[in-house]
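The file final-v3.csv contains CSV, N, CA and C atoms:
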```
chain,number,residue,atom,x,y,z
B,22,MET,N,-161.8,114.2,112.5
B,22,MET,CA,-163.0,113.9,113.2
B,22,MET,C,-163.4,112.4,113.0
B,23,ALA,N,-163.8,111.7,114.0
B,23,ALA,CA,-164.4,110.4,113.8
B,23,ALA,C,-165.7,110.4,113.0
B,24,PHE,N,-166.0,109.3,112.5
B,24,PHE,CA,-167.3,109.3,111.8
B,24,PHE,C,-168.4,109.7,112.7
B,25,PRO,N,-169.3,110.6,112.2
B,25,PRO,CA,-170.5,110.9,112.9
B,25,PRO,C,-171.5,109.7,113.1
B,26,VAL,N,-172.3,109.7,114.1
B,26,VAL,CA,-173.2,108.7,114.3
B,26,VAL,C,-174.6,109.1,113.8
B,27,CYS,N,-175.2,108.4,112.9
B,27,CYS,CA,-176.5,108.8,112.3
B,27,CYS,C,-177.5,107.7,112.6
B,28,LEU,N,-178.7,108.1,113.0
B,28,LEU,CA,-179.8,107.2,113.3
B,28,LEU,C,-180.8,107.4,112.2
B,29,VAL,N,-181.1,106.4,111.4
B,29,VAL,CA,-182.1,106.4,110.3
B,29,VAL,C,-183.4,105.7,110.8
B,30,VAL,N,-184.5,106.4,110.8
B,30,VAL,CA,-185.8,105.8,111.3
B,30,VAL,C,-186.8,105.9,110.2
B,31,ASP,N,-187.3,104.7,109.8
B,31,ASP,CA,-188.4,104.7,108.8
B,31,ASP,C,-189.1,103.4,108.9
B,32,ASP,N,-190.4,103.3,108.7
B,32,ASP,CA,-191.1,102.0,108.8
B,32,ASP,C,-190.9,101.3,107.5
B,33,ASP,N,-190.4,101.9,106.5
B,33,ASP,CA,-190.1,101.2,105.2
B,33,ASP,C,-188.7,100.6,105.2
B,34,GLU,N,-188.6,99.3,105.4
B,34,GLU,CA,-187.3,98.6,105.5
B,34,GLU,C,-186.4,98.9,104.3
B,35,LEU,N,-186.9,99.0,103.1
B,35,LEU,CA,-186.1,99.3,101.9
B,35,LEU,C,-185.4,100.6,102.1
B,36,ILE,N,-186.1,101.6,102.5
B,36,ILE,CA,-185.5,103.0,102.7
B,36,ILE,C,-184.4,102.9,103.8
B,37,VAL,N,-184.7,102.2,104.9
B,37,VAL,CA,-183.7,102.1,106.0
B,37,VAL,C,-182.5,101.5,105.4
B,38,ARG,N,-182.6,100.4,104.7
B,38,ARG,CA,-181.4,99.7,104.2
B,38,ARG,C,-180.7,100.5,103.2
B,39,SER,N,-181.4,101.2,102.3
B,39,SER,CA,-180.7,101.9,101.2
B,39,SER,C,-180.0,103.2,101.8
B,40,PHE,N,-180.6,103.9,102.8
B,40,PHE,CA,-180.0,105.0,103.4
B,40,PHE,C,-178.8,104.6,104.2
B,41,ALA,N,-178.9,103.4,104.9
B,41,ALA,CA,-177.8,102.9,105.7
B,41,ALA,C,-176.6,102.6,104.8
B,42,ARG,N,-176.9,101.9,103.7
B,42,ARG,CA,-175.8,101.6,102.8
B,42,ARG,C,-175.1,102.8,102.3
B,43,VAL,N,-175.8,103.8,101.9
B,43,VAL,CA,-175.2,105.1,101.4
B,43,VAL,C,-174.4,105.8,102.5
B,44,LEU,N,-175.1,105.9,103.6
B,44,LEU,CA,-174.4,106.7,104.7
B,44,LEU,C,-173.3,106.0,105.4
B,45,SER,N,-173.2,104.7,105.3
B,45,SER,CA,-172.1,103.9,105.9
B,45,SER,C,-170.8,104.3,105.3
B,46,ARG,N,-170.8,104.9,104.2
B,46,ARG,CA,-169.5,105.4,103.6
B,46,ARG,C,-168.9,106.5,104.4
B,47,VAL,N,-169.7,107.3,105.1
B,47,VAL,CA,-169.2,108.5,105.7
B,47,VAL,C,-169.6,108.6,107.2
B,48,ALA,N,-170.4,107.6,107.7
B,48,ALA,CA,-170.9,107.7,109.1
B,48,ALA,C,-171.1,106.3,109.7
B,49,GLU,N,-171.2,106.3,111.0
B,49,GLU,CA,-171.6,105.1,111.7
B,49,GLU,C,-173.1,105.1,111.7
B,50,VAL,N,-173.8,104.1,111.2
B,50,VAL,CA,-175.2,104.2,111.0
B,50,VAL,C,-176.0,103.2,111.9
B,51,LEU,N,-176.9,103.8,112.6
B,51,LEU,CA,-177.8,103.0,113.4
B,51,LEU,C,-179.2,103.1,112.8
B,52,THR,N,-180.0,102.0,112.9
B,52,THR,CA,-181.3,102.0,112.3
B,52,THR,C,-182.4,101.6,113.2
B,53,ALA,N,-183.6,102.1,112.9
B,53,ALA,CA,-184.8,101.7,113.6
B,53,ALA,C,-186.0,101.7,112.6
B,54,ASN,N,-187.0,100.9,112.9
B,54,ASN,CA,-188.2,100.9,112.0
B,54,ASN,C,-189.4,101.5,112.7
B,55,SER,N,-189.3,102.1,113.9
B,55,SER,CA,-190.4,102.8,114.5
B,55,SER,C,-189.8,103.7,115.6
B,56,VAL,N,-190.7,104.6,116.1
B,56,VAL,CA,-190.3,105.5,117.1
B,56,VAL,C,-189.9,104.7,118.4
B,57,ASP,N,-190.6,103.7,118.7
B,57,ASP,CA,-190.2,102.9,119.9
B,57,ASP,C,-188.8,102.3,119.7
B,58,GLU,N,-188.6,101.7,118.6
B,58,GLU,CA,-187.2,101.1,118.3
B,58,GLU,C,-186.2,102.2,118.4
B,59,ALA,N,-186.5,103.4,117.9
B,59,ALA,CA,-185.5,104.5,117.9
B,59,ALA,C,-185.2,104.9,119.4
B,60,ARG,N,-186.3,105.0,120.2
B,60,ARG,CA,-186.1,105.3,121.6
B,60,ARG,C,-185.2,104.3,122.3
B,61,ALA,N,-185.3,103.1,122.0
B,61,ALA,CA,-184.5,102.0,122.6
B,61,ALA,C,-183.0,102.2,122.2
B,62,VAL,N,-182.8,102.6,120.9
B,62,VAL,CA,-181.4,102.9,120.5
B,62,VAL,C,-180.9,104.1,121.2
B,63,LEU,N,-181.7,105.1,121.2
B,63,LEU,CA,-181.2,106.4,121.8
B,63,LEU,C,-181.0,106.3,123.4
B,64,ALA,N,-181.6,105.3,124.0
B,64,ALA,CA,-181.3,105.1,125.4
B,64,ALA,C,-179.9,104.6,125.7
B,65,THR,N,-179.3,104.1,124.7
B,65,THR,CA,-177.9,103.6,124.9
B,65,THR,C,-176.9,104.2,124.0
B,66,ARG,N,-177.3,105.1,123.1
B,66,ARG,CA,-176.3,105.7,122.1
B,66,ARG,C,-176.6,107.1,121.9
B,67,SER,N,-175.6,107.9,121.8
B,67,SER,CA,-175.7,109.3,121.4
B,67,SER,C,-175.6,109.4,119.9
B,68,VAL,N,-176.3,110.3,119.3
B,68,VAL,CA,-176.2,110.5,117.8
B,68,VAL,C,-175.9,111.9,117.5
B,69,HIS,N,-175.2,112.1,116.3
B,69,HIS,CA,-175.0,113.4,115.8
B,69,HIS,C,-176.1,113.8,114.9
B,70,LEU,N,-176.7,112.8,114.2
B,70,LEU,CA,-177.7,113.1,113.2
B,70,LEU,C,-178.9,112.1,113.3
B,71,LEU,N,-180.1,112.7,113.3
B,71,LEU,CA,-181.3,111.9,113.3
B,71,LEU,C,-182.0,112.1,111.9
B,72,LEU,N,-182.3,111.1,111.2
B,72,LEU,CA,-183.1,111.2,110.0
B,72,LEU,C,-184.3,110.4,110.2
B,73,THR,N,-185.5,111.0,110.4
B,73,THR,CA,-186.7,110.3,110.7
B,73,THR,C,-187.8,110.6,109.7
B,74,ASP,N,-188.5,109.5,109.4
B,74,ASP,CA,-189.7,109.7,108.5
B,74,ASP,C,-190.8,110.4,109.3
B,75,PHE,N,-191.7,111.0,108.7
B,75,PHE,CA,-192.8,111.7,109.4
B,75,PHE,C,-193.9,110.7,109.6
B,76,VAL,N,-194.4,110.1,108.5
B,76,VAL,CA,-195.6,109.3,108.6
B,76,VAL,C,-195.2,107.8,108.9
B,77,MET,N,-195.5,107.4,110.1
B,77,MET,CA,-195.2,106.0,110.5
B,77,MET,C,-196.5,105.4,111.2
B,78,PRO,N,-196.7,104.1,111.2
B,78,PRO,CA,-197.9,103.6,111.7
B,78,PRO,C,-198.2,103.9,113.1
B,79,ASP,N,-197.3,103.7,114.0
B,79,ASP,CA,-197.6,103.9,115.5
B,79,ASP,C,-197.6,105.3,116.0
B,80,GLU,N,-196.4,105.9,115.8
B,80,GLU,CA,-196.2,107.3,116.2
B,80,GLU,C,-195.5,108.1,115.0
B,81,ALA,N,-195.9,109.3,114.9
B,81,ALA,CA,-195.3,110.1,113.8
B,81,ALA,C,-193.9,110.6,114.2
B,82,GLY,N,-193.1,111.0,113.2
B,82,GLY,CA,-191.8,111.4,113.3
B,82,GLY,C,-191.6,112.6,114.2
B,83,ASP,N,-192.6,113.5,114.3
B,83,ASP,CA,-192.4,114.7,115.2
B,83,ASP,C,-192.3,114.3,116.7
B,84,VAL,N,-192.9,113.1,117.0
B,84,VAL,CA,-192.8,112.7,118.4
B,84,VAL,C,-191.3,112.3,118.7
B,85,LEU,N,-190.6,111.7,117.7
B,85,LEU,CA,-189.2,111.4,117.9
B,85,LEU,C,-188.4,112.6,117.8
B,86,LEU,N,-188.7,113.6,117.0
B,86,LEU,CA,-188.0,114.8,116.9
B,86,LEU,C,-188.0,115.5,118.3
B,87,ARG,N,-189.1,115.5,119.0
B,87,ARG,CA,-189.2,116.1,120.3
B,87,ARG,C,-188.4,115.4,121.3
B,88,HIS,N,-188.4,114.1,121.3
B,88,HIS,CA,-187.7,113.2,122.2
B,88,HIS,C,-186.2,113.5,122.0
B,89,VAL,N,-185.7,113.6,120.8
B,89,VAL,CA,-184.2,113.8,120.6
B,89,VAL,C,-183.9,115.3,120.9
B,90,ARG,N,-184.7,116.2,120.6
B,90,ARG,CA,-184.5,117.6,121.0
B,90,ARG,C,-184.3,117.7,122.5
B,91,ASP,N,-185.1,117.0,123.3
B,91,ASP,CA,-185.1,117.1,124.7
B,91,ASP,C,-184.0,116.2,125.4
B,92,THR,N,-183.6,115.1,124.8
B,92,THR,CA,-182.6,114.2,125.4
B,92,THR,C,-181.2,114.4,124.8
B,93,GLN,N,-181.1,114.8,123.5
B,93,GLN,CA,-179.8,114.9,122.9
B,93,GLN,C,-179.9,116.2,122.1
B,94,PRO,N,-179.9,117.4,122.7
B,94,PRO,CA,-180.1,118.6,122.1
B,94,PRO,C,-179.1,119.0,121.0
B,95,THR,N,-177.9,118.5,121.1
B,95,THR,CA,-176.9,118.8,120.1
B,95,THR,C,-177.0,118.0,118.8
B,96,ALA,N,-177.9,117.0,118.8
B,96,ALA,CA,-178.1,116.2,117.5
B,96,ALA,C,-178.8,117.0,116.5
B,97,ARG,N,-178.4,116.9,115.3
B,97,ARG,CA,-179.1,117.5,114.1
B,97,ARG,C,-180.3,116.7,113.8
B,98,ARG,N,-181.4,117.3,113.6
B,98,ARG,CA,-182.7,116.6,113.4
B,98,ARG,C,-183.2,116.9,112.0
B,99,VAL,N,-183.4,115.8,111.2
B,99,VAL,CA,-183.9,116.0,109.8
B,99,VAL,C,-185.2,115.2,109.7
B,100,LEU,N,-186.2,115.8,109.2
B,100,LEU,CA,-187.5,115.2,109.0
B,100,LEU,C,-187.6,114.8,107.6
B,101,MET,N,-187.9,113.5,107.3
B,101,MET,CA,-188.0,113.1,105.9
B,101,MET,C,-189.5,112.9,105.6
B,102,THR,N,-189.9,113.3,104.4
B,102,THR,CA,-191.3,113.1,104.1
B,102,THR,C,-191.5,112.8,102.6
B,103,ALA,N,-192.4,112.0,102.3
B,103,ALA,CA,-192.8,111.7,100.9
B,103,ALA,C,-194.0,112.6,100.5
B,104,SER,N,-194.6,113.2,101.5
B,104,SER,CA,-195.8,114.1,101.2
B,104,SER,C,-195.3,115.5,100.9
B,105,ARG,N,-196.2,116.3,100.6
B,105,ARG,CA,-195.9,117.7,100.3
B,105,ARG,C,-195.2,118.4,101.4
B,106,PRO,N,-194.0,119.0,101.1
B,106,PRO,CA,-193.2,119.6,102.2
B,106,PRO,C,-194.0,120.7,103.0
B,107,GLU,N,-194.9,121.4,102.3
B,107,GLU,CA,-195.6,122.4,103.1
B,107,GLU,C,-196.4,121.9,104.2
B,108,ARG,N,-196.7,120.6,104.2
B,108,ARG,CA,-197.4,119.9,105.3
B,108,ARG,C,-196.6,119.9,106.6
B,109,VAL,N,-195.3,119.9,106.5
B,109,VAL,CA,-194.4,119.7,107.6
B,109,VAL,C,-193.4,120.8,107.8
B,110,GLU,N,-193.4,121.8,107.0
B,110,GLU,CA,-192.4,122.9,107.1
B,110,GLU,C,-192.5,123.6,108.4
B,111,HIS,N,-193.6,123.6,109.1
B,111,HIS,CA,-193.8,124.3,110.4
B,111,HIS,C,-192.9,123.7,111.4
B,112,PHE,N,-192.5,122.4,111.3
B,112,PHE,CA,-191.6,121.7,112.2
B,112,PHE,C,-190.2,122.4,112.2
B,113,VAL,N,-189.8,122.9,111.0
B,113,VAL,CA,-188.5,123.6,110.9
B,113,VAL,C,-188.7,125.0,111.5
B,114,ASP,N,-189.8,125.6,111.1
B,114,ASP,CA,-190.1,127.0,111.6
B,114,ASP,C,-190.1,127.0,113.1
B,115,GLU,N,-190.6,126.0,113.7
B,115,GLU,CA,-190.7,125.9,115.2
B,115,GLU,C,-189.4,125.4,115.9
B,116,GLY,N,-188.5,125.0,115.1
B,116,GLY,CA,-187.2,124.6,115.6
B,116,GLY,C,-187.2,123.1,116.0
B,117,LEU,N,-188.2,122.4,115.7
B,117,LEU,CA,-188.2,121.0,116.1
B,117,LEU,C,-187.3,120.2,115.2
B,118,ALA,N,-187.3,120.5,113.9
B,118,ALA,CA,-186.4,119.9,112.9
B,118,ALA,C,-185.4,121.0,112.4
B,119,HIS,N,-184.2,120.6,112.1
B,119,HIS,CA,-183.3,121.5,111.5
B,119,HIS,C,-183.5,121.7,110.0
B,120,GLU,N,-184.0,120.6,109.4
B,120,GLU,CA,-184.3,120.7,108.0
B,120,GLU,C,-185.2,119.6,107.6
B,121,LEU,N,-185.7,119.7,106.3
B,121,LEU,CA,-186.6,118.7,105.7
B,121,LEU,C,-185.8,118.0,104.6
B,122,MET,N,-186.1,116.8,104.4
B,122,MET,CA,-185.6,116.1,103.2
B,122,MET,C,-186.8,115.3,102.6
B,123,GLU,N,-186.9,115.6,101.3
B,123,GLU,CA,-188.0,114.9,100.6
B,123,GLU,C,-187.5,113.5,100.2
B,124,LYS,N,-188.5,112.6,100.3
B,124,LYS,CA,-188.2,111.2,99.8
B,124,LYS,C,-188.8,111.0,98.5
B,125,PRO,N,-188.2,110.3,97.6
B,125,PRO,CA,-186.9,109.6,97.8
B,125,PRO,C,-185.8,110.6,97.7
B,126,ALA,N,-184.8,110.4,98.6
B,126,ALA,CA,-183.6,111.3,98.6
B,126,ALA,C,-182.6,110.8,97.6
B,127,HIS,N,-181.8,111.7,97.1
B,127,HIS,CA,-180.7,111.3,96.2
B,127,HIS,C,-179.5,111.0,97.0
B,128,ILE,N,-178.7,110.1,96.5
B,128,ILE,CA,-177.4,109.8,97.2
B,128,ILE,C,-176.6,111.0,97.6
B,129,SER,N,-176.5,111.9,96.6
B,129,SER,CA,-175.7,113.2,96.8
B,129,SER,C,-176.3,114.0,98.0
B,130,GLU,N,-177.6,114.0,98.1
B,130,GLU,CA,-178.2,114.8,99.2
B,130,GLU,C,-177.9,114.2,100.6
B,131,LEU,N,-177.9,112.9,100.7
B,131,LEU,CA,-177.5,112.2,101.9
B,131,LEU,C,-176.1,112.5,102.3
B,132,LEU,N,-175.2,112.4,101.3
B,132,LEU,CA,-173.8,112.6,101.6
B,132,LEU,C,-173.5,114.0,101.9
B,133,GLN,N,-174.2,115.0,101.2
B,133,GLN,CA,-174.0,116.4,101.5
B,133,GLN,C,-174.4,116.7,103.0
B,134,LEU,N,-175.5,116.1,103.4
B,134,LEU,CA,-176.1,116.3,104.7
B,134,LEU,C,-175.0,115.9,105.8
B,135,VAL,N,-174.4,114.8,105.6
B,135,VAL,CA,-173.4,114.3,106.6
B,135,VAL,C,-172.1,115.2,106.5
B,136,ALA,N,-171.8,115.6,105.3
B,136,ALA,CA,-170.6,116.5,105.1
B,136,ALA,C,-170.8,117.8,105.8
B,137,ARG,N,-172.0,118.4,105.8
B,137,ARG,CA,-172.4,119.6,106.5
B,137,ARG,C,-172.2,119.4,108.0
B,138,LEU,N,-172.7,118.2,108.4
B,138,LEU,CA,-172.6,117.9,109.9
B,138,LEU,C,-171.1,117.8,110.3
B,139,ALA,N,-170.3,117.2,109.5
B,139,ALA,CA,-168.9,117.0,109.9
B,139,ALA,C,-168.1,118.3,109.8
B,140,SER,N,-168.5,119.3,109.1
B,140,SER,CA,-167.7,120.5,108.9
B,140,SER,C,-167.9,121.5,110.1
```

Could you show the structure in this file as structure tokens?
Amino acid sequence: MAFPVCLVVDDDELIVRSFARVLSRVAEVLTANSVDEARAVLATRSVHLLLTDFVMPDEAGDVLLRHVRDTQPTARRVLMTASRPERVEHFVDEGLAHELMEKPAHISELLQLVARLAS
């Protein structure tokens, strides 16, 4: 199987760069720093995996989750959060996100996530 395509979206540039560096070992990585930037990427590229932060200045990550669910329904959607997971668990229960990932994420968690996708 070819490398999966992953889109990492976070308003924190350090997180985007560090996730991209780790994931580039096992995936083609696209990045964005906002929901608007992510929409622009998604207008031209299909992704296998979306990793999006929840709390961002302009629009929240759930807006992007809905967009990807509606436009690229086969993409796996992961909501990242630095806040208490119980604040966002309902997005998984509702099927908007496939899973949650707490930030900061460990390298092994990121690599396992892509490995599950590829299997």

Tell me, in Å to one decimal, how far CA of Glu115 (chain B) is from CA of Glu49 (chain B).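 The value is 28.5 Å.
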
Could you find all residues in region 77-115 of chain B that DSSP calls alpha helix (DSSP H) from the backbone, and write them as an MDAnalysis selection string? chainID B and resid 82:92 110:114

Env of Leu121 (chain B): 6.5 Å cut, atoms = all atoms listed in the file, seq-sep filter 2 positions within chain, self excluded. Answer as an mmCIF file with N, CA and C atoms, in the coordinates of the input.
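Contents of result-v6.cif, as written:
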```cif
data_model
loop_
_atom_site.group_PDB
_atom_site.id
_atom_site.type_symbol
_atom_site.label_atom_id
_atom_site.label_comp_id
_atom_site.auth_asym_id
_atom_site.auth_seq_id
_atom_site.Cartn_x
_atom_site.Cartn_y
_atom_site.Cartn_z
ATOM 1 N N VAL B 99 -183.400 115.800 111.200
ATOM 2 C CA VAL B 99 -183.900 116.000 109.800
ATOM 3 C C VAL B 99 -185.200 115.200 109.700
ATOM 4 N N LEU B 100 -186.200 115.800 109.200
ATOM 5 C CA LEU B 100 -187.500 115.200 109.000
ATOM 6 C C LEU B 100 -187.600 114.800 107.600
ATOM 7 N N MET B 101 -187.900 113.500 107.300
ATOM 8 C CA MET B 101 -188.000 113.100 105.900
ATOM 9 C C MET B 101 -189.500 112.900 105.600
ATOM 10 N N THR B 102 -189.900 113.300 104.400
ATOM 11 C CA THR B 102 -191.300 113.100 104.100
ATOM 12 C C THR B 102 -191.500 112.800 102.600
ATOM 13 N N ALA B 118 -187.300 120.500 113.900
ATOM 14 C CA ALA B 118 -186.400 119.900 112.900
ATOM 15 C C ALA B 118 -185.400 121.000 112.400
ATOM 16 N N HIS B 119 -184.200 120.600 112.100
ATOM 17 C CA HIS B 119 -183.300 121.500 111.500
ATOM 18 C C HIS B 119 -183.500 121.700 110.000
ATOM 19 N N GLU B 123 -186.900 115.600 101.300
ATOM 20 C CA GLU B 123 -188.000 114.900 100.600
ATOM 21 C C GLU B 123 -187.500 113.500 100.200
#
```

Name all residues at most 7 Å from region 84-94 of chain B (count all atoms listed in the file; drop same-chain ones fewer than 2 positions away) and give them as an mmCIF file with N, CA and C atoms, keeping the file's coordinate frame.
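For reference, out-v9.cif as written:
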```
data_model
loop_
_atom_site.group_PDB
_atom_site.id
_atom_site.type_symbol
_atom_site.label_atom_id
_atom_site.label_comp_id
_atom_site.auth_asym_id
_atom_site.auth_seq_id
_atom_site.Cartn_x
_atom_site.Cartn_y
_atom_site.Cartn_z
ATOM 1 N N VAL B 56 -190.700 104.600 116.100
ATOM 2 C CA VAL B 56 -190.300 105.500 117.100
ATOM 3 C C VAL B 56 -189.900 104.700 118.400
ATOM 4 N N VAL B 68 -176.300 110.300 119.300
ATOM 5 C CA VAL B 68 -176.200 110.500 117.800
ATOM 6 C C VAL B 68 -175.900 111.900 117.500
ATOM 7 N N GLU B 80 -196.400 105.900 115.800
ATOM 8 C CA GLU B 80 -196.200 107.300 116.200
ATOM 9 C C GLU B 80 -195.500 108.100 115.000
ATOM 10 N N ALA B 81 -195.900 109.300 114.900
ATOM 11 C CA ALA B 81 -195.300 110.100 113.800
ATOM 12 C C ALA B 81 -193.900 110.600 114.200
ATOM 13 N N GLY B 82 -193.100 111.000 113.200
ATOM 14 C CA GLY B 82 -191.800 111.400 113.300
ATOM 15 C C GLY B 82 -191.600 112.600 114.200
ATOM 16 N N ALA B 96 -177.900 117.000 118.800
ATOM 17 C CA ALA B 96 -178.100 116.200 117.500
ATOM 18 C C ALA B 96 -178.800 117.000 116.500
ATOM 19 N N ARG B 97 -178.400 116.900 115.300
ATOM 20 C CA ARG B 97 -179.100 117.500 114.100
ATOM 21 C C ARG B 97 -180.300 116.700 113.800
ATOM 22 N N ARG B 98 -181.400 117.300 113.600
ATOM 23 C CA ARG B 98 -182.700 116.600 113.400
ATOM 24 C C ARG B 98 -183.200 116.900 112.000
ATOM 25 N N LEU B 117 -188.200 122.400 115.700
ATOM 26 C CA LEU B 117 -188.200 121.000 116.100
ATOM 27 C C LEU B 117 -187.300 120.200 115.200
ATOM 28 N N ALA B 118 -187.300 120.500 113.900
ATOM 29 C CA ALA B 118 -186.400 119.900 112.900
ATOM 30 C C ALA B 118 -185.400 121.000 112.400
#
```

Run DSSP on the backbone and grab whatever in region 80-111 of chain B lands in strand (DSSP E or B); send it over as a count of residues only. 6

Distance of CA of Arg38 (chain B) from CA of Gly116 (chain B), expressed in Å to one decimal place: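 Between CA of Gly116 (chain B) and CA of Arg38 (chain B) the gap works out to 28.0 Å.
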
Go ahead and compute the interatomic distance for CA of Ala23 (chain B) and CA of Asp83 (chain B), in Å to one decimal.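 Between CA of Ala23 (chain B) and CA of Asp83 (chain B) the gap works out to 28.4 Å.
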
Which residue, B:Ser129, B:Thr95, B:Val76, B:His69, has the smallest gap to Val26 (chain B) when you use only N, CA and C atoms?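 Once distances to Val26 (chain B) are computed over only N, CA and C atoms, the minimum belongs to B:His69.
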
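The residue that comes closest to Val30 (chain B), out of B:Ser55, B:Arg42, B:Glu130, B:Glu107 and on the basis of all atoms listed in the file, is B:Ser55.
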
Could you check which of B:Ala103, B:Leu72, B:Leu132, B:Ala48 is closest to Glu120 (chain B), using only C-alpha atoms?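 Closest residue, counting only C-alpha atoms: B:Leu72.
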
Using all atoms listed in the file, determine which residues lie at most 8 Å from Ile128 (chain B), disregarding the query and same-chain residues fewer than 6 positions distant; provide the list as number ranges by chain. B: 43-44, 134

Could you check the closest approach to Val29 (chain B) for each of B:Leu70, B:Val109, B:Ala61, B:Val47 and tell me which residue wins, using only C-alpha atoms?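 Under the stated criterion, the closest residue is B:Leu70.
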
Choose the residue, out of B:Arg60, B:Val113, B:Thr52, B:Asp31, that has the smallest atom-to-atom separation from Phe75 (chain B); count only N, CA and C atoms. B:Asp31

Using only C-alpha atoms, find the one residue out of B:Asp74, B:Cys27, B:Met122, B:Arg137 that sits nearest to Glu110 (chain B).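 Between B:Asp74, B:Cys27, B:Met122, B:Arg137, the residue approaching Glu110 (chain B) most closely is B:Met122.
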
Restricted to C-alpha atoms, what does region 73-100 of chain B look like when written out as a CSV table (one decimal), in the first residue's frame?
```csv
chain,number,residue,atom,x,y,z
B,73,THR,CA,-7.5,18.2,13.9
B,74,ASP,CA,-7.2,20.3,17.0
B,75,PHE,CA,-10.5,21.1,18.7
B,76,VAL,CA,-9.8,24.6,20.1
B,77,MET,CA,-8.7,27.1,17.4
B,78,PRO,CA,-9.2,30.8,17.2
B,79,ASP,CA,-11.5,31.2,14.2
B,80,GLU,CA,-13.5,27.9,13.9
B,81,ALA,CA,-13.4,24.9,16.1
B,82,GLY,CA,-12.2,21.5,15.0
B,83,ASP,CA,-15.7,20.0,14.9
B,84,VAL,CA,-16.6,22.3,12.0
B,85,LEU,CA,-13.7,20.7,10.1
B,86,LEU,CA,-14.8,17.2,11.2
B,87,ARG,CA,-18.3,17.8,9.7
B,88,HIS,CA,-16.7,19.2,6.5
B,89,VAL,CA,-14.5,16.1,6.0
B,90,ARG,CA,-17.4,13.7,7.0
B,91,ASP,CA,-19.5,15.3,4.3
B,92,THR,CA,-16.9,15.7,1.5
B,93,GLN,CA,-14.5,12.8,2.1
B,94,PRO,CA,-16.5,10.2,4.1
B,95,THR,CA,-13.9,7.4,3.9
B,96,ALA,CA,-11.3,9.6,5.7
B,97,ARG,CA,-10.6,8.7,9.3
B,98,ARG,CA,-11.2,11.6,11.6
B,99,VAL,CA,-9.3,12.2,14.8
B,100,LEU,CA,-10.0,15.0,17.1
```
